[in-house]
Structures are given as structure tokens and as C-alpha cells.
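Source file: protein33.cif (mmCIF, C-alpha atoms)
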data_model
loop_
_atom_site.label_atom_id
_atom_site.label_comp_id
_atom_site.auth_asym_id
_atom_site.auth_seq_id
_atom_site.Cartn_x
_atom_site.Cartn_y
_atom_site.Cartn_z
CA MET B 1 -4.45 -18.04 0.97
CA ALA B 2 -7.80 -16.29 1.17
CA ASP B 3 -8.39 -13.36 -1.16
CA THR B 4 -8.30 -10.36 1.16
CA PHE B 5 -8.20 -7.72 -1.58
CA ASP B 6 -11.64 -6.33 -0.71
CA ILE B 7 -10.74 -5.97 2.98
CA CYS B 8 -7.45 -4.26 2.17
CA LEU B 9 -9.03 -2.03 -0.47
CA ALA B 10 -11.75 -0.92 1.97
CA PHE B 11 -9.04 0.19 4.42
CA THR B 12 -7.16 2.09 1.71
CA LEU B 13 -10.27 3.80 0.38
CA ARG B 14 -11.21 4.96 3.91
CA GLU B 15 -7.73 6.42 4.35
CA GLU B 16 -7.59 8.03 0.91
CA GLY B 17 -11.04 9.60 0.89
CA GLY B 18 -12.56 11.28 -2.14
CA TYR B 19 -11.48 13.91 -4.61
CA VAL B 20 -8.80 16.38 -3.58
CA ASP B 21 -6.51 18.77 -5.42
CA ASP B 22 -4.15 20.08 -2.74
CA ARG B 23 -1.61 22.42 -4.34
CA SER B 24 0.98 21.45 -1.70
CA ASP B 25 0.64 17.77 -2.64
CA PRO B 26 2.86 16.85 -5.60
CA GLY B 27 0.34 14.17 -6.63
CA GLY B 28 -2.06 16.86 -7.87
CA ALA B 29 -5.69 15.98 -8.57
CA THR B 30 -6.48 12.71 -6.78
CA ASN B 31 -9.66 10.71 -6.28
CA MET B 32 -9.90 7.69 -3.98
CA GLY B 33 -6.10 7.91 -3.79
CA ILE B 34 -5.57 7.66 -7.54
CA THR B 35 -3.67 10.46 -9.22
CA LEU B 36 -4.16 11.70 -12.75
CA ALA B 37 -0.80 10.17 -13.75
CA THR B 38 -1.84 6.76 -12.41
CA TYR B 39 -5.22 6.97 -14.14
CA ARG B 40 -3.52 7.85 -17.42
CA GLN B 41 -1.07 4.95 -17.02
CA TRP B 42 -3.83 2.45 -16.32
CA SER B 43 -6.14 3.66 -19.11
CA ASP B 44 -3.30 4.26 -21.58
CA ASP B 45 -4.97 7.58 -22.36
CA PRO B 46 -2.65 10.59 -22.05
CA ASN B 47 -5.57 12.95 -22.73
CA LEU B 48 -7.39 12.29 -19.46
CA GLY B 49 -7.63 15.34 -17.23
CA ASP B 50 -8.67 16.46 -13.77
CA VAL B 51 -12.36 16.17 -14.70
CA GLN B 52 -11.98 12.45 -15.44
CA VAL B 53 -10.19 11.94 -12.12
CA LYS B 54 -12.97 13.76 -10.31
CA ASP B 55 -15.64 11.68 -12.09
CA MET B 56 -13.84 8.33 -11.63
CA THR B 57 -16.13 5.51 -10.52
CA SER B 58 -15.39 3.18 -7.62
CA LYS B 59 -15.41 0.29 -10.13
CA THR B 60 -12.58 1.95 -12.06
CA ALA B 61 -10.66 2.70 -8.86
CA ARG B 62 -11.00 -0.95 -7.81
CA ALA B 63 -9.65 -2.15 -11.17
CA ILE B 64 -6.71 0.26 -10.97
CA TYR B 65 -5.85 -0.82 -7.44
CA ARG B 66 -6.07 -4.50 -8.35
CA SER B 67 -3.90 -4.27 -11.48
CA LEU B 68 -1.36 -1.58 -10.64
CA TYR B 69 -0.87 -2.22 -6.92
CA TRP B 70 -2.26 -5.49 -5.56
CA ASN B 71 -1.07 -7.69 -8.42
CA ARG B 72 2.31 -6.02 -8.85
CA LEU B 73 3.02 -6.34 -5.13
CA ARG B 74 1.98 -10.02 -5.20
CA ALA B 75 -0.22 -9.21 -2.21
CA ASP B 76 -2.40 -12.24 -2.93
CA ALA B 77 0.59 -14.45 -2.00
CA LEU B 78 1.46 -12.61 1.23
CA PRO B 79 0.10 -13.59 4.64
CA ALA B 80 -3.06 -11.82 5.78
CA GLY B 81 -2.18 -8.55 7.49
CA VAL B 82 1.18 -8.39 5.74
CA ASP B 83 -0.76 -8.00 2.48
CA LEU B 84 -2.53 -4.93 3.90
CA SER B 85 0.72 -3.41 5.18
CA VAL B 86 2.46 -3.82 1.83
CA PHE B 87 -0.52 -2.90 -0.37
CA ASP B 88 -1.56 0.26 1.49
CA MET B 89 2.03 1.47 1.77
CA GLY B 90 2.39 0.83 -1.96
CA VAL B 91 -0.61 3.04 -2.62
CA ASN B 92 0.69 5.80 -0.38
CA ALA B 93 4.42 5.72 -1.16
CA GLY B 94 4.79 3.66 -4.34
CA ILE B 95 5.02 -0.05 -5.00
CA TRP B 96 8.80 -0.06 -5.39
CA ARG B 97 9.28 1.64 -2.01
CA SER B 98 6.81 -0.68 -0.29
CA ALA B 99 8.46 -3.80 -1.75
CA ARG B 100 11.91 -2.57 -0.66
CA LEU B 101 10.68 -1.91 2.88
CA LEU B 102 9.23 -5.43 2.99
CA GLN B 103 12.51 -6.91 1.80
CA GLN B 104 14.46 -4.93 4.40
CA ALA B 105 12.04 -6.03 7.13
CA LEU B 106 12.68 -9.63 6.02
CA GLY B 107 16.43 -9.11 6.49
CA PHE B 108 17.43 -8.71 2.84
CA THR B 109 20.45 -6.48 2.23
CA GLY B 110 22.44 -5.06 -0.66
CA ASP B 111 21.35 -6.11 -4.14
CA ASP B 112 18.73 -8.45 -2.66
CA VAL B 113 16.69 -5.33 -1.83
CA ASP B 114 15.53 -4.83 -5.41
CA GLY B 115 11.93 -3.66 -4.92
CA SER B 116 10.54 -6.68 -6.76
CA ILE B 117 8.48 -9.21 -4.86
CA GLY B 118 9.39 -12.58 -6.30
CA PRO B 119 9.78 -16.15 -5.06
CA GLU B 120 12.57 -15.37 -2.57
CA THR B 121 10.66 -12.50 -0.97
CA LEU B 122 7.46 -14.54 -0.79
CA ALA B 123 9.25 -17.54 0.71
CA ALA B 124 10.90 -15.33 3.34
CA ALA B 125 7.58 -13.67 4.17
CA GLY B 126 6.02 -17.10 4.66
CA ARG B 127 8.68 -18.03 7.22
CA PHE B 128 8.22 -14.91 9.36
CA ASP B 129 5.78 -14.46 12.21
CA PRO B 130 3.22 -12.15 10.57
CA ARG B 131 2.73 -10.06 13.75
CA SER B 132 6.45 -9.37 14.03
CA LEU B 133 6.65 -8.61 10.32
CA VAL B 134 3.73 -6.17 10.43
CA ASN B 135 5.26 -4.35 13.41
CA ASN B 136 8.68 -4.23 11.73
CA LEU B 137 7.09 -2.90 8.54
CA ALA B 138 5.16 -0.21 10.42
CA ASP B 139 8.34 0.96 12.14
CA ARG B 140 10.20 1.11 8.81
CA GLN B 141 7.28 2.87 7.12
CA ALA B 142 7.19 5.53 9.85
CA ALA B 143 10.96 6.03 9.56
CA TYR B 144 10.61 6.44 5.79
CA TYR B 145 7.92 9.10 6.20
CA ARG B 146 10.04 10.95 8.77
CA SER B 147 12.87 11.13 6.22
CA LEU B 148 10.76 12.98 3.64
CA PRO B 149 11.06 16.74 3.12
CA ASP B 150 7.24 17.07 3.18
CA PHE B 151 7.07 15.49 6.65
CA PRO B 152 6.36 18.83 8.41
CA THR B 153 3.29 19.28 6.17
CA PHE B 154 1.93 15.75 5.89
CA GLY B 155 3.76 13.85 8.64
CA THR B 156 1.00 13.69 11.22
CA GLY B 157 -1.40 12.18 8.70
CA TRP B 158 1.21 9.71 7.43
CA LEU B 159 2.05 8.54 10.94
CA ASN B 160 -1.63 8.27 11.88
CA ARG B 161 -2.22 6.17 8.76
CA THR B 162 0.77 3.99 9.59
CA GLU B 163 -0.63 3.24 13.05
CA ALA B 164 -4.11 2.61 11.65
CA ARG B 165 -2.55 0.29 9.06
CA ARG B 166 -0.62 -1.57 11.76
CA ASP B 167 -3.76 -1.97 13.91
CA ALA B 168 -5.88 -3.16 10.97
CA ALA B 169 -3.18 -5.61 9.84
CA LEU B 170 -2.82 -7.07 13.33
CA THR B 171 -6.61 -7.43 13.52
CA MET B 172 -6.55 -9.33 10.21
CA ILE B 173 -3.88 -11.65 11.59
CA GLU B 174 -5.94 -12.31 14.69
CA GLY B 175 -8.94 -13.08 12.48
CA GLU B 176 -6.85 -15.59 10.51
CA ALA B 177 -5.67 -17.24 13.74
CA THR B 178 -9.27 -17.51 14.99
CA THR B 179 -10.56 -19.10 11.77
CA ALA B 180 -7.62 -21.53 11.66
CA VAL B 181 -8.52 -23.01 15.06
#
Starting from the file, lay out its structure as C-alpha cells.
Amino acid sequence: MADTFDICLAFTLREEGGYVDDRSDPGGATNMGITLATYRQWSDDPNLGDVQVKDMTSKTARAIYRSLYWNRLRADALPAGVDLSVFDMGVNAGIWRSARLLQQALGFTGDDVDGSIGPETLAAAGRFDPRSLVNNLADRQAAYYRSLPDFPTFGTGWLNRTEARRDAALTMIEGEATTAV
């Protein structure tokens, strides 16, 4: 599969924007979508503060996204478009949540919905029509957002992002189909 990380990252960075510290957002100080807690985890430096988040470079953000999100979600092994849907949702709602939504969209139930993308999840994703899977994921992602207590505050933005994610993922799939012909 082609490496679509840069395409997916560009989408996520557009959606996340720059530095914010919204007191109503439990993530706290965030830059390019990366919270202080995530930055500390990646750097293994518990002494980092809001200033370091604000001054974070795009090179550092890219490395964090690659190691803590893209790689952990096995996005490189997912079909184009599905990779964007899973990666961007992982950034916005957590990798465990995004992986579980993917597994549910693939028809997994019970203990098979473990939030870990392994061989079974990847094989199932490879058997699905990517357009149908992206649409199913977007519907599940929107339902997840609607279930959150912060939905009245952030819901419109979350749903707008979900639709933008769906549209971008479907465009990626169409691009793959065009280059395969």
C-alpha cells in the first residue's frame, strides 16, 4: 500500500489548527492537536509545560503523530481513505476508541472488539469495500460524539469534522481507484 501518512496528516493539521488553551476543553494547552500530556508522553519529559507546547515545531508534531497515532493504529496497513478515517478519529478521540469503532464497523462483537488493530482487524478491513467502510465509520464516529456530555459545547465542530473526514476519505478512495486503472 502507498504511504499516505503525509496526506492524512495534512488533513488532521488543517482540522486541528494551531495553539489553543480553551478552559472548557479538558485537553488543556494544545498545539497542532497535540496536548501537553501527549507531548510529555512522547518526549518522556514530565517537566514540559504549556510554553513547550506553544513552541512545538511542525517536525516534532509530525514525529508525534507518526509514532503515537499512525503506527499504533497500523494505518499504513489500512486501505487508503480508511487510514484517514481511523487516524484522524484516533487523534480526535483516542486511538483505542478509533480502533474499537473500526472493529465494530467491520462486524466484530464482544471480546473481539478489543481496541487493538492486529492481523484479524487488518484482514477484515482488506475484505471490505472501502467506501462502505468509510461511511459506516463516519456514522459510528458521529454517534460516538453525540453520546458525549460535551456534545452541546463541541458537537457542531465534531460533526463538521466527521463529514469533512468522510469526504476527504472518499476522495482518497476515488484517487486510488483512478490510479489503479
Exercise. Do you know which residues the PyMOL selection byres ((chain B and resi 123-131) around 7) returns on this file, as a ChimeraX atom specification?
Worked result: /B:78-79,82,106,119-122,132-135,170
Could the residues in this selection be written to a file with C-alpha atoms, as a PDB file, keeping the file's coordinate frame?
ATOM      1  CA  LEU B  78       1.460 -12.610   1.230  1.00  0.00           C
ATOM      2  CA  PRO B  79       0.100 -13.590   4.640  1.00  0.00           C
ATOM      3  CA  VAL B  82       1.180  -8.390   5.740  1.00  0.00           C
ATOM      4  CA  LEU B 106      12.680  -9.630   6.020  1.00  0.00           C
ATOM      5  CA  PRO B 119       9.780 -16.150  -5.060  1.00  0.00           C
ATOM      6  CA  GLU B 120      12.570 -15.370  -2.570  1.00  0.00           C
ATOM      7  CA  THR B 121      10.660 -12.500  -0.970  1.00  0.00           C
ATOM      8  CA  LEU B 122       7.460 -14.540  -0.790  1.00  0.00           C
ATOM      9  CA  SER B 132       6.450  -9.370  14.030  1.00  0.00           C
ATOM     10  CA  LEU B 133       6.650  -8.610  10.320  1.00  0.00           C
ATOM     11  CA  VAL B 134       3.730  -6.170  10.430  1.00  0.00           C
ATOM     12  CA  ASN B 135       5.260  -4.350  13.410  1.00  0.00           C
ATOM     13  CA  LEU B 170      -2.820  -7.070  13.330  1.00  0.00           C
TER      14      LEU B 170
END
- Apply the PyMOL selection byres ((chain B and resi 46-58) around 10) to the displayed file and report the matching residues as a list in words.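 Given this file, the PyMOL selection byres ((chain B and resi 46-58) around 10) evaluates to Leu13, Gly18, Tyr19, Val20, Asp21, Gly28, Ala29, Thr30, Asn31, Met32, Ile34, Thr35, Leu36, Ala37, Thr38, Tyr39, Arg40, Gln41, Ser43, Asp44, Asp45, Lys59, Thr60, Ala61, Arg62, Ala63 and Ile64 of chain B.
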Problem - Result set of the PyMOL selection byres ((chain B and resi 102) around 10) on the coordinates above, as a PyMOL selection string - result: chain B and resi 82+85-86+96-101+103-108+113+115-117+121+125+133-134+136-138+140-141
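With all atoms listed in the file as the atoms that count, the minimum distance from Cys8 (chain B) to the choices B:Ile95, B:Leu148, B:Ala143, B:Met89 is reached by B:Met89.
Near (-0.6, 10.8, 8.0), the residues inside the 12 Å limit, counting all atoms listed in the file, come to B:Glu15, B:Glu16, B:Met89, B:Asn92, B:Ala93, B:Gln141, B:Ala142, B:Tyr145, B:Arg146, B:Asp150, B:Phe151, B:Pro152, B:Thr153, B:Phe154, B:Gly155, B:Thr156, B:Gly157, B:Trp158, B:Leu159, B:Asn160, B:Arg161, B:Thr162, B:Glu163, B:Ala164, B:Arg165.
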Report task. Kindly indicate which residue among B:Pro149, B:Gly110, B:Gly81, B:Gly90 lies nearest to Thr171 (chain B), using all atoms listed in the file for the distances. Result ->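 Residue with the minimum atom-to-atom distance to Thr171 (chain B): B:Gly81.
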Given the choices B:Ile173, B:Asp76, B:Gly33, B:Asp25, which gets closest to Asp3 (chain B) if the distance is worked out from all atoms listed in the file?
->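 Among B:Ile173, B:Asp76, B:Gly33, B:Asp25, it is B:Asp76 that comes nearest to Asp3 (chain B).
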For the atom pair CA of Phe87 (chain B) and CA of Ser24 (chain B), what is the interatomic distance in Å to one decimal place?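 A separation of 24.4 Å between them.
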One decimal place gives the CA of Asp167 (chain B)-CA of Arg66 (chain B) separation as 22.5 Å
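If you look at CA of Ala75 (chain B) and CA of Thr4 (chain B), they are 8.8 Å away from each other.
The closest residue to Tyr65 (chain B), picked from B:Gly17, B:Asp83, B:Leu9, B:Pro26 and counting only C-alpha atoms, is B:Leu9.
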From the structure just shown, export region 13-117 of chain B with C-alpha atoms as a CSV table (one decimal), in the first residue's frame.
chain,number,residue,atom,x,y,z
B,13,LEU,CA,-3.4,19.5,10.9
B,14,ARG,CA,-5.9,21.6,9.0
B,15,GLU,CA,-8.6,20.4,11.3
B,16,GLU,CA,-6.6,20.9,14.5
B,17,GLY,CA,-5.2,24.3,13.8
B,18,GLY,CA,-2.6,26.0,15.9
B,19,TYR,CA,-2.1,26.7,19.6
B,20,VAL,CA,-5.2,26.9,21.8
B,21,ASP,CA,-5.8,26.7,25.5
B,22,ASP,CA,-9.6,26.6,25.8
B,23,ARG,CA,-10.6,26.3,29.5
B,24,SER,CA,-13.7,24.3,28.6
B,25,ASP,CA,-11.6,21.7,26.7
B,26,PRO,CA,-10.3,19.0,29.1
B,27,GLY,CA,-7.2,18.6,26.8
B,28,GLY,CA,-5.8,21.9,28.1
B,29,ALA,CA,-3.0,23.6,26.2
B,30,THR,CA,-2.9,22.1,22.7
B,31,ASN,CA,-0.8,22.9,19.6
B,32,MET,CA,-1.5,21.3,16.2
B,33,GLY,CA,-3.8,18.9,18.1
B,34,ILE,CA,-1.2,17.7,20.5
B,35,THR,CA,-1.8,18.1,24.2
B,36,LEU,CA,0.7,18.7,26.9
B,37,ALA,CA,0.1,15.2,28.2
B,38,THR,CA,0.8,13.7,24.8
B,39,TYR,CA,3.9,15.8,24.3
B,40,ARG,CA,5.2,14.7,27.7
B,41,GLN,CA,4.5,11.0,26.9
B,42,TRP,CA,6.3,11.2,23.6
B,43,SER,CA,9.3,13.1,24.9
B,44,ASP,CA,9.4,11.2,28.2
B,45,ASP,CA,9.9,14.5,29.9
B,46,PRO,CA,7.4,15.2,32.7
B,47,ASN,CA,8.8,18.7,33.1
B,48,LEU,CA,7.5,20.1,29.8
B,49,GLY,CA,4.9,22.8,30.2
B,50,ASP,CA,2.5,25.0,28.2
B,51,VAL,CA,5.4,27.1,26.8
B,52,GLN,CA,6.9,24.0,25.1
B,53,VAL,CA,3.5,23.0,23.7
B,54,LYS,CA,3.1,26.5,22.3
B,55,ASP,CA,6.6,26.5,20.8
B,56,MET,CA,6.4,23.0,19.3
B,57,THR,CA,7.7,22.7,15.8
B,58,SER,CA,5.8,21.0,12.9
B,59,LYS,CA,8.7,18.5,12.7
B,60,THR,CA,8.1,17.4,16.3
B,61,ALA,CA,4.3,17.3,15.7
B,62,ARG,CA,4.8,15.1,12.7
B,63,ALA,CA,7.1,12.7,14.7
B,64,ILE,CA,4.5,12.5,17.5
B,65,TYR,CA,1.7,11.8,15.1
B,66,ARG,CA,3.7,9.1,13.3
B,67,SER,CA,4.8,7.3,16.4
B,68,LEU,CA,1.9,7.7,18.8
B,69,TYR,CA,-1.1,7.5,16.3
B,70,TRP,CA,-0.3,6.4,12.8
B,71,ASN,CA,2.0,3.5,13.8
B,72,ARG,CA,-0.1,2.3,16.8
B,73,LEU,CA,-3.3,2.3,14.6
B,74,ARG,CA,-1.4,0.3,11.9
B,75,ALA,CA,-2.8,2.9,9.5
B,76,ASP,CA,0.0,2.1,7.0
B,77,ALA,CA,-1.7,-1.3,6.5
B,78,LEU,CA,-5.2,0.0,6.1
B,79,PRO,CA,-6.8,0.8,2.7
B,80,ALA,CA,-6.5,4.4,1.5
B,81,GLY,CA,-9.3,6.5,2.9
B,82,VAL,CA,-9.9,4.1,5.8
B,83,ASP,CA,-6.5,5.0,7.1
B,84,LEU,CA,-7.5,8.7,7.2
B,85,SER,CA,-10.8,7.8,8.9
B,86,VAL,CA,-9.1,5.8,11.6
B,87,PHE,CA,-6.0,8.0,12.1
B,88,ASP,CA,-7.9,11.3,12.3
B,89,MET,CA,-10.5,9.9,14.7
B,90,GLY,CA,-7.7,8.5,16.8
B,91,VAL,CA,-6.2,12.0,17.1
B,92,ASN,CA,-9.5,13.5,18.0
B,93,ALA,CA,-11.0,10.8,20.3
B,94,GLY,CA,-8.1,8.5,21.2
B,95,ILE,CA,-6.5,5.5,19.4
B,96,TRP,CA,-8.3,2.9,21.5
B,97,ARG,CA,-11.7,4.4,20.7
B,98,SER,CA,-10.9,4.7,17.0
B,99,ALA,CA,-9.7,1.1,16.8
B,100,ARG,CA,-12.9,-0.1,18.6
B,101,LEU,CA,-15.1,1.8,16.2
B,102,LEU,CA,-13.2,0.3,13.2
B,103,GLN,CA,-13.7,-3.2,14.7
B,104,GLN,CA,-17.4,-2.6,15.2
B,105,ALA,CA,-17.8,-1.3,11.7
B,106,LEU,CA,-16.1,-4.5,10.5
B,107,GLY,CA,-18.7,-6.5,12.4
B,108,PHE,CA,-16.6,-7.6,15.3
B,109,THR,CA,-18.6,-8.1,18.6
B,110,GLY,CA,-17.9,-8.9,22.2
B,111,ASP,CA,-14.3,-9.6,23.2
B,112,ASP,CA,-13.2,-9.3,19.5
B,113,VAL,CA,-13.7,-5.5,19.9
B,114,ASP,CA,-10.5,-5.0,21.9
B,115,GLY,CA,-9.3,-1.7,20.5
B,116,SER,CA,-6.1,-3.3,19.1
B,117,ILE,CA,-5.6,-3.4,15.4
